[in-house]
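Student: Below you'll find the structure I mean.
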Amino acid sequence: CGDGRISAQIASRLPLGRVLGIDTSASMITHSNERHASKHSNLTFAIADAQALPEQYHEKFDTITSFYCLHWIENLEQTLHSMRKCLKPNGQLIFWVGGSGGMPVLTVLEKLLSNDKSDVKKYESPIWYRSTDEITAMAARCNLLVERCEQFSYAYAYPNIEALIQWVSALPYGHGLESTRRQEYIRTAVMQYVLGCPAHADGSITVHFPLIHFY
């Protein structure tokens with residue numbers, strides 16, 4: 001679900017279907033309802049955890065999908081099992097998830113955060129990258145039939161450095177740090193990334209995401 005934008009796009013393409021977007025964050029559900037639900041009669045949002053979807057959703061969905069989200073969940077296998085239970089017979093699970101290797105700009109940021117001495121806690125990454133083999137094995141243990149699970153590079157162009165900084169700032173990195181210090185690390189990571197991947201003539205910056213497509 002997140003900000004609800006993709007759920008709304010799906011709803012607009014399924015005028016005869018119904019779409020449910022879920023998120024564990026009450027504020028995101030409120031935002032999505034206010035921004036999108038009123039524009040689509042076939043779209044609803046609800047607070048729910050993909051790792052343990054309630055029984056009321058079991059065998060209710062023809063398709064369950066997720067875009068660039070499941071790598072934030074530590075127990076992916078439990079999540080796949082939970083989603084499988086909510087599919088109708090012959091239903092399909094489709095998702096895109098961060099692949100092994102990670103994003104260079106976030107790799108730089110994680111290195112900076114792990115070397116920070118001001119936080120008494122040992123730094124732990126909030127993201128879990130898996131390989132296609134790992135995901136395929138998890139899916140098989142959840143009795144999911146895998147037709148495709150492959151990694152590719154997805155390129156996205158941010159209009160300028162500040163836009164990239166804003167995007168990284170929205171991710172759950174370094175929230176245990178004082179705000180100004182956290183922003184210094186994020187800006188440093190982005191500037192180091194740009195040194196290796198210079199901006200284009202129009203000022204835009206291309207970032208490559210390793211994505212795994214599963215269905």
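By order of appearance in the structure tokens: chains A, B, ..., then residues from 1 within every chain, and ligands from 1 in the order shown.
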What are the DSSP strand (DSSP E or B) residues of region 25-215 of chain A, as JSON, numbers by chain?

Tutor: {"A": [43, 44, 45, 46, 47, 61, 62, 63, 64, 65, 66, 67, 87, 88, 89, 90, 91, 92, 93, 94, 95, 96, 97, 98, 99, 130, 149, 150, 151, 152, 153, 154, 155, 156, 157, 158, 205, 206, 207, 208, 209, 210, 211, 212, 213, 214]}

Student: Pick out the residues sitting within 8 Å of Ser153 (chain A), and hand them over as number ranges by chain; count only C-alpha atoms, and ignore anything fewer than 3 positions along from it in its own chain.

Tutor: A: 208-211

Student: Pick out the residues sitting within 12 Å of region 122-137 of chain A, and hand them over as number ranges by chain; count only C-alpha atoms, and ignore anything fewer than 4 positions along from it in its own chain.

Tutor: A: 68-80, 95-103, 106-107, 109-118, 141-152, 171-177, 209-215

Student: Could you pull the residues within 9 Å of region 4-17 of chain A, counting only C-alpha atoms, minus those fewer than 2 positions along the same chain, as a short mmCIF file (atom, residue, chain, number, x, y, z; two decimals) with C-alpha atoms, in the first residue's frame?

Tutor:
```cif
data_model
loop_
_atom_site.label_atom_id
_atom_site.label_comp_id
_atom_site.auth_asym_id
_atom_site.auth_seq_id
_atom_site.Cartn_x
_atom_site.Cartn_y
_atom_site.Cartn_z
CA CYS A 1 0.00 0.00 0.00
CA GLY A 2 2.43 2.70 1.12
CA VAL A 19 -8.84 -3.82 -4.87
CA LEU A 20 -7.69 -3.85 -1.25
CA GLY A 21 -4.50 -2.07 -0.20
CA ILE A 22 -2.96 -2.90 3.17
CA MET A 28 -0.36 5.61 5.58
CA ILE A 29 -3.85 4.09 5.49
CA HIS A 31 -3.31 9.17 3.75
CA SER A 32 -4.33 6.56 1.14
CA ASN A 33 -8.01 6.81 2.05
CA ARG A 35 -5.97 10.71 -1.36
CA HIS A 36 -7.36 7.80 -3.38
CA ALA A 37 -10.34 5.89 -1.95
CA LYS A 39 -11.84 8.54 -6.41
CA HIS A 40 -12.31 4.78 -6.90
CA SER A 41 -15.48 3.01 -5.76
CA ASN A 42 -13.74 -0.36 -6.10
CA LEU A 43 -10.79 0.55 -3.86
CA PHE A 45 -7.59 0.34 2.36
CA PHE A 67 5.96 -3.73 -5.52
#
```

Student: With a distance cut-off of 8 Å and only C-alpha atoms, select the neighbouring residues of Val207 (chain A), excluding the residue or stretch itself and same-chain residues fewer than 5 positions from it, and output the selection as a ChimeraX atom specification.

Tutor: /A:103,155-158

Student: Choose the residue, out of A:Gly196, A:Gly91, A:Pro54, A:Pro159, that has the smallest atom-to-atom separation from Pro104 (chain A); count only C-alpha atoms.

Tutor: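 Smallest separation from Pro104 (chain A) among the options: A:Gly196.
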
Student: What parts of region 104-188 of chain A does DSSP call alpha helix (DSSP H)? I'd like the answer as an mmCIF file with all heavy atoms, in the first residue's frame.

Tutor:
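Dumped everything to selection-v1.cif:
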```
data_model
loop_
_atom_site.group_PDB
_atom_site.id
_atom_site.type_symbol
_atom_site.label_atom_id
_atom_site.label_comp_id
_atom_site.auth_asym_id
_atom_site.auth_seq_id
_atom_site.Cartn_x
_atom_site.Cartn_y
_atom_site.Cartn_z
ATOM 1 N N PRO A 104 23.831 0.815 -4.725
ATOM 2 C CA PRO A 104 25.097 1.441 -4.310
ATOM 3 C C PRO A 104 24.939 2.614 -3.361
ATOM 4 O O PRO A 104 25.680 2.736 -2.386
ATOM 5 C CB PRO A 104 25.712 1.872 -5.648
ATOM 6 C CG PRO A 104 25.167 0.903 -6.638
ATOM 7 C CD PRO A 104 23.760 0.622 -6.186
ATOM 8 N N VAL A 105 23.964 3.490 -3.597
ATOM 9 C CA VAL A 105 23.806 4.659 -2.733
ATOM 10 C C VAL A 105 23.429 4.238 -1.312
ATOM 11 O O VAL A 105 23.887 4.831 -0.325
ATOM 12 C CB VAL A 105 22.765 5.651 -3.300
ATOM 13 C CG1 VAL A 105 21.372 5.022 -3.360
ATOM 14 C CG2 VAL A 105 22.757 6.942 -2.490
ATOM 15 N N LEU A 106 22.624 3.191 -1.172
ATOM 16 C CA LEU A 106 22.254 2.713 0.160
ATOM 17 C C LEU A 106 23.383 1.917 0.800
ATOM 18 O O LEU A 106 23.539 1.922 2.024
ATOM 19 C CB LEU A 106 20.980 1.861 0.080
ATOM 20 C CG LEU A 106 19.731 2.592 -0.413
ATOM 21 C CD1 LEU A 106 18.526 1.668 -0.366
ATOM 22 C CD2 LEU A 106 19.471 3.857 0.411
ATOM 23 N N THR A 107 24.187 1.252 -0.025
ATOM 24 C CA THR A 107 25.350 0.532 0.496
ATOM 25 C C THR A 107 26.333 1.513 1.140
ATOM 26 O O THR A 107 26.877 1.248 2.217
ATOM 27 C CB THR A 107 26.050 -0.252 -0.628
ATOM 28 O OG1 THR A 107 25.122 -1.189 -1.201
ATOM 29 C CG2 THR A 107 27.253 -1.015 -0.090
ATOM 30 N N VAL A 108 26.546 2.649 0.486
ATOM 31 C CA VAL A 108 27.420 3.695 1.041
ATOM 32 C C VAL A 108 26.849 4.212 2.355
ATOM 33 O O VAL A 108 27.565 4.372 3.357
ATOM 34 C CB VAL A 108 27.593 4.861 0.040
ATOM 35 C CG1 VAL A 108 28.365 6.009 0.696
ATOM 36 C CG2 VAL A 108 28.316 4.390 -1.217
ATOM 37 N N LEU A 109 25.546 4.466 2.383
ATOM 38 C CA LEU A 109 24.904 4.976 3.592
ATOM 39 C C LEU A 109 25.029 3.983 4.746
ATOM 40 O O LEU A 109 25.322 4.376 5.885
ATOM 41 C CB LEU A 109 23.434 5.281 3.311
ATOM 42 C CG LEU A 109 22.609 5.771 4.512
ATOM 43 C CD1 LEU A 109 23.215 7.030 5.109
ATOM 44 C CD2 LEU A 109 21.158 6.006 4.094
ATOM 45 N N GLU A 110 24.821 2.722 4.457
ATOM 46 C CA GLU A 110 24.907 1.709 5.513
ATOM 47 C C GLU A 110 26.325 1.624 6.083
ATOM 48 O O GLU A 110 26.506 1.425 7.283
ATOM 49 C CB GLU A 110 24.469 0.346 4.984
ATOM 50 C CG GLU A 110 22.979 0.282 4.685
ATOM 51 C CD GLU A 110 22.449 -1.137 4.718
ATOM 52 O OE1 GLU A 110 23.083 -2.018 4.102
ATOM 53 O OE2 GLU A 110 21.412 -1.354 5.361
ATOM 54 N N LYS A 111 27.319 1.781 5.226
ATOM 55 C CA LYS A 111 28.706 1.758 5.704
ATOM 56 C C LYS A 111 28.964 2.941 6.636
ATOM 57 O O LYS A 111 29.603 2.790 7.689
ATOM 58 C CB LYS A 111 29.669 1.791 4.522
ATOM 59 C CG LYS A 111 31.132 1.651 4.935
ATOM 60 C CD LYS A 111 32.044 1.573 3.717
ATOM 61 C CE LYS A 111 33.501 1.410 4.147
ATOM 62 N NZ LYS A 111 34.409 1.322 2.969
ATOM 63 N N LEU A 112 28.466 4.118 6.273
ATOM 64 C CA LEU A 112 28.635 5.295 7.117
ATOM 65 C C LEU A 112 27.936 5.104 8.464
ATOM 66 O O LEU A 112 28.495 5.417 9.520
ATOM 67 C CB LEU A 112 28.069 6.535 6.414
ATOM 68 C CG LEU A 112 28.803 7.020 5.166
ATOM 69 C CD1 LEU A 112 27.996 8.119 4.477
ATOM 70 C CD2 LEU A 112 30.197 7.528 5.519
ATOM 71 N N LEU A 113 26.728 4.574 8.440
ATOM 72 C CA LEU A 113 25.962 4.383 9.672
ATOM 73 C C LEU A 113 26.593 3.326 10.572
ATOM 74 O O LEU A 113 26.603 3.459 11.799
ATOM 75 C CB LEU A 113 24.521 3.996 9.341
ATOM 76 C CG LEU A 113 23.664 5.090 8.691
ATOM 77 C CD1 LEU A 113 22.328 4.521 8.233
ATOM 78 C CD2 LEU A 113 23.448 6.244 9.649
ATOM 79 N N SER A 114 27.120 2.256 9.966
ATOM 80 C CA SER A 114 27.726 1.187 10.756
ATOM 81 C C SER A 114 29.005 1.640 11.442
ATOM 82 O O SER A 114 29.417 1.072 12.461
ATOM 83 C CB SER A 114 28.010 -0.032 9.873
ATOM 84 O OG SER A 114 28.973 0.278 8.873
ATOM 85 N N THR A 132 17.515 -15.027 -6.002
ATOM 86 C CA THR A 132 16.392 -15.721 -6.642
ATOM 87 C C THR A 132 16.283 -17.153 -6.130
ATOM 88 O O THR A 132 15.175 -17.668 -5.965
ATOM 89 C CB THR A 132 16.572 -15.729 -8.168
ATOM 90 O OG1 THR A 132 17.854 -16.277 -8.501
ATOM 91 C CG2 THR A 132 16.481 -14.314 -8.733
ATOM 92 N N ASP A 133 17.422 -17.792 -5.879
ATOM 93 C CA ASP A 133 17.389 -19.166 -5.372
ATOM 94 C C ASP A 133 16.756 -19.226 -3.987
ATOM 95 O O ASP A 133 15.976 -20.145 -3.683
ATOM 96 C CB ASP A 133 18.809 -19.757 -5.304
ATOM 97 C CG ASP A 133 19.378 -20.064 -6.677
ATOM 98 O OD1 ASP A 133 18.594 -20.150 -7.646
ATOM 99 O OD2 ASP A 133 20.607 -20.214 -6.791
ATOM 100 N N GLU A 134 17.074 -18.253 -3.128
ATOM 101 C CA GLU A 134 16.498 -18.227 -1.788
ATOM 102 C C GLU A 134 14.986 -18.030 -1.844
ATOM 103 O O GLU A 134 14.229 -18.712 -1.136
ATOM 104 C CB GLU A 134 17.145 -17.106 -0.963
ATOM 105 C CG GLU A 134 18.581 -17.370 -0.556
ATOM 106 C CD GLU A 134 19.199 -16.168 0.134
ATOM 107 O OE1 GLU A 134 19.127 -15.045 -0.409
ATOM 108 O OE2 GLU A 134 19.759 -16.346 1.227
ATOM 109 N N ILE A 135 14.531 -17.110 -2.689
ATOM 110 C CA ILE A 135 13.104 -16.842 -2.790
ATOM 111 C C ILE A 135 12.366 -18.028 -3.397
ATOM 112 O O ILE A 135 11.274 -18.405 -2.940
ATOM 113 C CB ILE A 135 12.857 -15.565 -3.615
ATOM 114 C CG1 ILE A 135 13.393 -14.345 -2.848
ATOM 115 C CG2 ILE A 135 11.377 -15.393 -3.931
ATOM 116 C CD1 ILE A 135 13.288 -13.043 -3.605
ATOM 117 N N THR A 136 12.953 -18.656 -4.405
ATOM 118 C CA THR A 136 12.332 -19.823 -5.021
ATOM 119 C C THR A 136 12.179 -20.954 -4.008
ATOM 120 O O THR A 136 11.140 -21.625 -3.960
ATOM 121 C CB THR A 136 13.167 -20.297 -6.220
ATOM 122 O OG1 THR A 136 13.221 -19.259 -7.209
ATOM 123 C CG2 THR A 136 12.566 -21.548 -6.850
ATOM 124 N N ALA A 137 13.200 -21.152 -3.188
ATOM 125 C CA ALA A 137 13.144 -22.210 -2.170
ATOM 126 C C ALA A 137 12.070 -21.908 -1.133
ATOM 127 O O ALA A 137 11.321 -22.805 -0.706
ATOM 128 C CB ALA A 137 14.503 -22.363 -1.499
ATOM 129 N N MET A 138 11.977 -20.645 -0.707
ATOM 130 C CA MET A 138 10.940 -20.263 0.254
ATOM 131 C C MET A 138 9.553 -20.507 -0.332
ATOM 132 O O MET A 138 8.656 -21.035 0.343
ATOM 133 C CB MET A 138 11.081 -18.785 0.613
ATOM 134 C CG MET A 138 12.285 -18.431 1.448
ATOM 135 S SD MET A 138 12.275 -16.640 1.807
ATOM 136 C CE MET A 138 13.932 -16.444 2.477
ATOM 137 N N ALA A 139 9.359 -20.091 -1.584
ATOM 138 C CA ALA A 139 8.062 -20.249 -2.230
ATOM 139 C C ALA A 139 7.671 -21.726 -2.322
ATOM 140 O O ALA A 139 6.511 -22.083 -2.093
ATOM 141 C CB ALA A 139 8.093 -19.620 -3.619
ATOM 142 N N ALA A 140 8.636 -22.581 -2.647
ATOM 143 C CA ALA A 140 8.358 -24.017 -2.751
ATOM 144 C C ALA A 140 7.915 -24.581 -1.407
ATOM 145 O O ALA A 140 6.995 -25.416 -1.339
ATOM 146 C CB ALA A 140 9.596 -24.753 -3.255
ATOM 147 N N ARG A 141 8.564 -24.135 -0.332
ATOM 148 C CA ARG A 141 8.177 -24.614 1.007
ATOM 149 C C ARG A 141 6.792 -24.118 1.407
ATOM 150 O O ARG A 141 6.154 -24.699 2.286
ATOM 151 C CB ARG A 141 9.217 -24.181 2.037
ATOM 152 C CG ARG A 141 10.564 -24.884 1.893
ATOM 153 C CD ARG A 141 11.449 -24.676 3.101
ATOM 154 N NE ARG A 141 11.895 -23.296 3.256
ATOM 155 C CZ ARG A 141 13.012 -22.812 2.722
ATOM 156 N NH1 ARG A 141 13.792 -23.594 1.980
ATOM 157 N NH2 ARG A 141 13.362 -21.550 2.920
ATOM 158 N N ILE A 161 19.823 16.137 -7.457
ATOM 159 C CA ILE A 161 20.413 15.571 -6.245
ATOM 160 C C ILE A 161 19.456 15.688 -5.055
ATOM 161 O O ILE A 161 19.310 14.748 -4.276
ATOM 162 C CB ILE A 161 21.752 16.269 -5.926
ATOM 163 C CG1 ILE A 161 22.822 15.844 -6.940
ATOM 164 C CG2 ILE A 161 22.215 15.944 -4.502
ATOM 165 C CD1 ILE A 161 24.163 16.531 -6.752
ATOM 166 N N GLU A 162 18.797 16.825 -4.925
ATOM 167 C CA GLU A 162 17.898 17.021 -3.791
ATOM 168 C C GLU A 162 16.751 16.024 -3.803
ATOM 169 O O GLU A 162 16.287 15.583 -2.750
ATOM 170 C CB GLU A 162 17.370 18.461 -3.768
ATOM 171 C CG GLU A 162 18.433 19.500 -3.459
ATOM 172 C CD GLU A 162 19.155 19.227 -2.146
ATOM 173 O OE1 GLU A 162 18.485 18.841 -1.155
ATOM 174 O OE2 GLU A 162 20.394 19.388 -2.107
ATOM 175 N N ALA A 163 16.262 15.668 -4.989
ATOM 176 C CA ALA A 163 15.182 14.683 -5.093
ATOM 177 C C ALA A 163 15.654 13.315 -4.622
ATOM 178 O O ALA A 163 14.920 12.578 -3.946
ATOM 179 C CB ALA A 163 14.681 14.604 -6.527
ATOM 180 N N LEU A 164 16.908 12.966 -4.958
ATOM 181 C CA LEU A 164 17.460 11.687 -4.509
ATOM 182 C C LEU A 164 17.656 11.705 -2.994
ATOM 183 O O LEU A 164 17.349 10.720 -2.304
ATOM 184 C CB LEU A 164 18.785 11.409 -5.214
ATOM 185 C CG LEU A 164 19.518 10.126 -4.818
ATOM 186 C CD1 LEU A 164 18.618 8.895 -4.959
ATOM 187 C CD2 LEU A 164 20.785 9.949 -5.650
ATOM 188 N N ILE A 165 18.132 12.811 -2.459
ATOM 189 C CA ILE A 165 18.306 12.940 -1.013
ATOM 190 C C ILE A 165 16.956 12.810 -0.300
ATOM 191 O O ILE A 165 16.838 12.132 0.730
ATOM 192 C CB ILE A 165 18.969 14.287 -0.665
ATOM 193 C CG1 ILE A 165 20.435 14.275 -1.110
ATOM 194 C CG2 ILE A 165 18.880 14.577 0.833
ATOM 195 C CD1 ILE A 165 21.143 15.605 -0.948
ATOM 196 N N GLN A 166 15.948 13.434 -0.872
ATOM 197 C CA GLN A 166 14.608 13.358 -0.277
ATOM 198 C C GLN A 166 14.105 11.921 -0.258
ATOM 199 O O GLN A 166 13.491 11.479 0.724
ATOM 200 C CB GLN A 166 13.636 14.245 -1.060
ATOM 201 C CG GLN A 166 12.234 14.298 -0.472
ATOM 202 C CD GLN A 166 11.319 15.226 -1.248
ATOM 203 O OE1 GLN A 166 11.636 15.654 -2.349
ATOM 204 N NE2 GLN A 166 10.172 15.535 -0.673
ATOM 205 N N TRP A 167 14.347 11.182 -1.347
ATOM 206 C CA TRP A 167 13.903 9.782 -1.404
ATOM 207 C C TRP A 167 14.623 8.942 -0.355
ATOM 208 O O TRP A 167 13.987 8.172 0.374
ATOM 209 C CB TRP A 167 14.149 9.210 -2.799
ATOM 210 C CG TRP A 167 13.781 7.758 -2.887
ATOM 211 C CD1 TRP A 167 12.529 7.224 -2.992
ATOM 212 C CD2 TRP A 167 14.688 6.645 -2.846
ATOM 213 N NE1 TRP A 167 12.590 5.847 -3.019
ATOM 214 C CE2 TRP A 167 13.906 5.477 -2.933
ATOM 215 C CE3 TRP A 167 16.070 6.537 -2.751
ATOM 216 C CZ2 TRP A 167 14.466 4.200 -2.928
ATOM 217 C CZ3 TRP A 167 16.631 5.268 -2.746
ATOM 218 C CH2 TRP A 167 15.838 4.111 -2.833
ATOM 219 N N VAL A 168 15.937 9.090 -0.256
ATOM 220 C CA VAL A 168 16.700 8.314 0.729
ATOM 221 C C VAL A 168 16.263 8.686 2.143
ATOM 222 O O VAL A 168 16.157 7.826 3.025
ATOM 223 C CB VAL A 168 18.214 8.535 0.556
ATOM 224 C CG1 VAL A 168 18.992 7.808 1.650
ATOM 225 C CG2 VAL A 168 18.675 8.052 -0.826
ATOM 226 N N SER A 169 15.962 9.951 2.370
ATOM 227 C CA SER A 169 15.548 10.413 3.696
ATOM 228 C C SER A 169 14.247 9.769 4.147
ATOM 229 O O SER A 169 13.993 9.640 5.352
ATOM 230 C CB SER A 169 15.381 11.935 3.700
ATOM 231 O OG SER A 169 16.602 12.583 3.421
ATOM 232 N N SER A 179 18.568 14.144 14.251
ATOM 233 C CA SER A 179 18.083 14.459 12.913
ATOM 234 C C SER A 179 19.145 15.094 12.012
ATOM 235 O O SER A 179 19.325 14.685 10.863
ATOM 236 C CB SER A 179 16.862 15.378 13.009
ATOM 237 O OG SER A 179 16.417 15.752 11.725
ATOM 238 N N THR A 180 19.859 16.080 12.541
ATOM 239 C CA THR A 180 20.865 16.769 11.723
ATOM 240 C C THR A 180 21.984 15.831 11.321
ATOM 241 O O THR A 180 22.450 15.842 10.167
ATOM 242 C CB THR A 180 21.448 17.971 12.492
ATOM 243 O OG1 THR A 180 20.390 18.867 12.833
ATOM 244 C CG2 THR A 180 22.489 18.694 11.649
ATOM 245 N N ARG A 181 22.417 14.983 12.253
ATOM 246 C CA ARG A 181 23.493 14.029 11.963
ATOM 247 C C ARG A 181 23.039 13.007 10.921
ATOM 248 O O ARG A 181 23.791 12.651 10.015
ATOM 249 C CB ARG A 181 23.915 13.313 13.254
ATOM 250 C CG ARG A 181 25.185 12.486 13.119
ATOM 251 C CD ARG A 181 25.588 11.890 14.464
ATOM 252 N NE ARG A 181 26.865 11.202 14.405
ATOM 253 C CZ ARG A 181 28.025 11.786 14.531
ATOM 254 N NH1 ARG A 181 28.089 13.087 14.718
ATOM 255 N NH2 ARG A 181 29.151 11.088 14.465
ATOM 256 N N ARG A 182 21.803 12.569 11.045
ATOM 257 C CA ARG A 182 21.258 11.620 10.076
ATOM 258 C C ARG A 182 21.259 12.227 8.681
ATOM 259 O O ARG A 182 21.660 11.579 7.704
ATOM 260 C CB ARG A 182 19.835 11.225 10.473
ATOM 261 C CG ARG A 182 19.134 10.303 9.486
ATOM 262 C CD ARG A 182 17.759 9.896 9.985
ATOM 263 N NE ARG A 182 17.117 8.978 9.066
ATOM 264 C CZ ARG A 182 16.277 9.357 8.089
ATOM 265 N NH1 ARG A 182 15.981 10.652 7.924
ATOM 266 N NH2 ARG A 182 15.734 8.463 7.285
ATOM 267 N N GLN A 183 20.822 13.469 8.553
ATOM 268 C CA GLN A 183 20.780 14.122 7.250
ATOM 269 C C GLN A 183 22.185 14.335 6.679
ATOM 270 O O GLN A 183 22.390 14.257 5.474
ATOM 271 C CB GLN A 183 20.042 15.449 7.348
ATOM 272 C CG GLN A 183 18.521 15.306 7.457
ATOM 273 C CD GLN A 183 17.932 14.517 6.310
ATOM 274 O OE1 GLN A 183 17.264 13.502 6.525
ATOM 275 N NE2 GLN A 183 18.163 14.961 5.094
ATOM 276 N N GLU A 184 23.155 14.563 7.549
ATOM 277 C CA GLU A 184 24.539 14.706 7.080
ATOM 278 C C GLU A 184 25.023 13.405 6.459
ATOM 279 O O GLU A 184 25.678 13.411 5.402
ATOM 280 C CB GLU A 184 25.434 15.103 8.243
ATOM 281 C CG GLU A 184 25.237 16.543 8.722
ATOM 282 C CD GLU A 184 26.081 16.858 9.939
ATOM 283 O OE1 GLU A 184 26.722 15.924 10.485
ATOM 284 O OE2 GLU A 184 26.101 18.039 10.352
ATOM 285 N N TYR A 185 24.707 12.285 7.098
ATOM 286 C CA TYR A 185 25.108 10.992 6.550
ATOM 287 C C TYR A 185 24.428 10.733 5.201
ATOM 288 O O TYR A 185 25.052 10.239 4.254
ATOM 289 C CB TYR A 185 24.751 9.868 7.525
ATOM 290 C CG TYR A 185 25.750 9.672 8.640
ATOM 291 C CD1 TYR A 185 25.329 9.516 9.956
ATOM 292 C CD2 TYR A 185 27.114 9.609 8.376
ATOM 293 C CE1 TYR A 185 26.250 9.320 10.986
ATOM 294 C CE2 TYR A 185 28.037 9.413 9.384
ATOM 295 C CZ TYR A 185 27.600 9.275 10.694
ATOM 296 O OH TYR A 185 28.509 9.075 11.698
ATOM 297 N N ILE A 186 23.137 11.050 5.118
ATOM 298 C CA ILE A 186 22.398 10.809 3.880
ATOM 299 C C ILE A 186 22.965 11.661 2.748
ATOM 300 O O ILE A 186 23.203 11.173 1.636
ATOM 301 C CB ILE A 186 20.897 11.100 4.086
ATOM 302 C CG1 ILE A 186 20.281 10.029 4.993
ATOM 303 C CG2 ILE A 186 20.165 11.150 2.743
ATOM 304 C CD1 ILE A 186 18.856 10.313 5.411
ATOM 305 N N ARG A 187 23.210 12.928 3.022
ATOM 306 C CA ARG A 187 23.773 13.809 1.985
ATOM 307 C C ARG A 187 25.159 13.339 1.562
ATOM 308 O O ARG A 187 25.486 13.336 0.365
ATOM 309 C CB ARG A 187 23.820 15.252 2.494
ATOM 310 C CG ARG A 187 24.326 16.255 1.458
ATOM 311 C CD ARG A 187 24.143 17.671 1.941
ATOM 312 N NE ARG A 187 22.728 18.030 1.983
ATOM 313 C CZ ARG A 187 22.047 18.481 0.934
ATOM 314 N NH1 ARG A 187 22.667 18.640 -0.249
ATOM 315 N NH2 ARG A 187 20.783 18.794 1.047
ATOM 316 N N THR A 188 25.989 12.918 2.536
ATOM 317 C CA THR A 188 27.329 12.421 2.214
ATOM 318 C C THR A 188 27.253 11.182 1.339
ATOM 319 O O THR A 188 27.997 11.046 0.358
ATOM 320 C CB THR A 188 28.099 12.091 3.509
ATOM 321 O OG1 THR A 188 28.257 13.282 4.282
ATOM 322 C CG2 THR A 188 29.479 11.528 3.184
#
```

Student: Compare A:Ala170, A:Val194, A:Leu93, A:Leu87 by their minimum atom-to-atom distance to Leu53 (chain A), counting only C-alpha atoms, and give me the closest one.

Tutor: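 Residue with the minimum atom-to-atom distance to Leu53 (chain A): A:Leu87.
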
Student: Can you tell me how far CA of Gln51 (chain A) sits from CA of Met83 (chain A), in Å to one decimal?

Tutor: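 Between CA of Gln51 (chain A) and CA of Met83 (chain A) the gap works out to 7.9 Å.
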
Student: What separation in Å, quoted to one decimal, exists between CA of Ser82 (chain A) and CA of Ser38 (chain A)?

Tutor: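 Between these atoms lies a distance of 28.9 Å.
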
Student: Env of Glu55 (chain A): 9 Å cut, atoms = only C-alpha atoms, seq-sep filter 3 positions within chain, self excluded. Answer as a list in words.

Tutor: His58, Glu59, Lys85 and Cys86 of chain A

Student: Next, dump the selected residues to file, keeping only N, CA, C and O atoms, as an mmCIF file, in the first residue's frame.

Tutor:
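Final file, out.cif:
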```cif
data_model
loop_
_atom_site.group_PDB
_atom_site.id
_atom_site.type_symbol
_atom_site.label_atom_id
_atom_site.label_comp_id
_atom_site.auth_asym_id
_atom_site.auth_seq_id
_atom_site.Cartn_x
_atom_site.Cartn_y
_atom_site.Cartn_z
ATOM 1 N N HIS A 58 -8.698 -15.079 4.078
ATOM 2 C CA HIS A 58 -8.285 -16.381 3.547
ATOM 3 C C HIS A 58 -9.145 -16.786 2.352
ATOM 4 O O HIS A 58 -10.379 -16.718 2.393
ATOM 5 N N GLU A 59 -8.456 -17.177 1.275
ATOM 6 C CA GLU A 59 -9.080 -17.637 0.031
ATOM 7 C C GLU A 59 -10.059 -16.607 -0.546
ATOM 8 O O GLU A 59 -11.103 -16.961 -1.084
ATOM 9 N N LYS A 85 -2.240 -18.315 1.807
ATOM 10 C CA LYS A 85 -3.509 -18.705 2.432
ATOM 11 C C LYS A 85 -4.659 -17.787 2.008
ATOM 12 O O LYS A 85 -5.831 -18.162 2.118
ATOM 13 N N CYS A 86 -4.329 -16.587 1.542
ATOM 14 C CA CYS A 86 -5.370 -15.634 1.164
ATOM 15 C C CYS A 86 -5.735 -15.707 -0.315
ATOM 16 O O CYS A 86 -6.665 -15.026 -0.761
#
```

Student: Hey, which of A:Asp202, A:Asp3, A:Glu178, A:Asp49 ends up closest to Ser27 (chain A)? Count only C-alpha atoms.

Tutor: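 Of A:Asp202, A:Asp3, A:Glu178, A:Asp49, the one nearest Ser27 (chain A), counting only C-alpha atoms, is A:Asp3.
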
Student: Provide the CA of Ser25 (chain A) to CA of Gln92 (chain A) distance in Å, to one decimal place.

Tutor: 25.3 Å
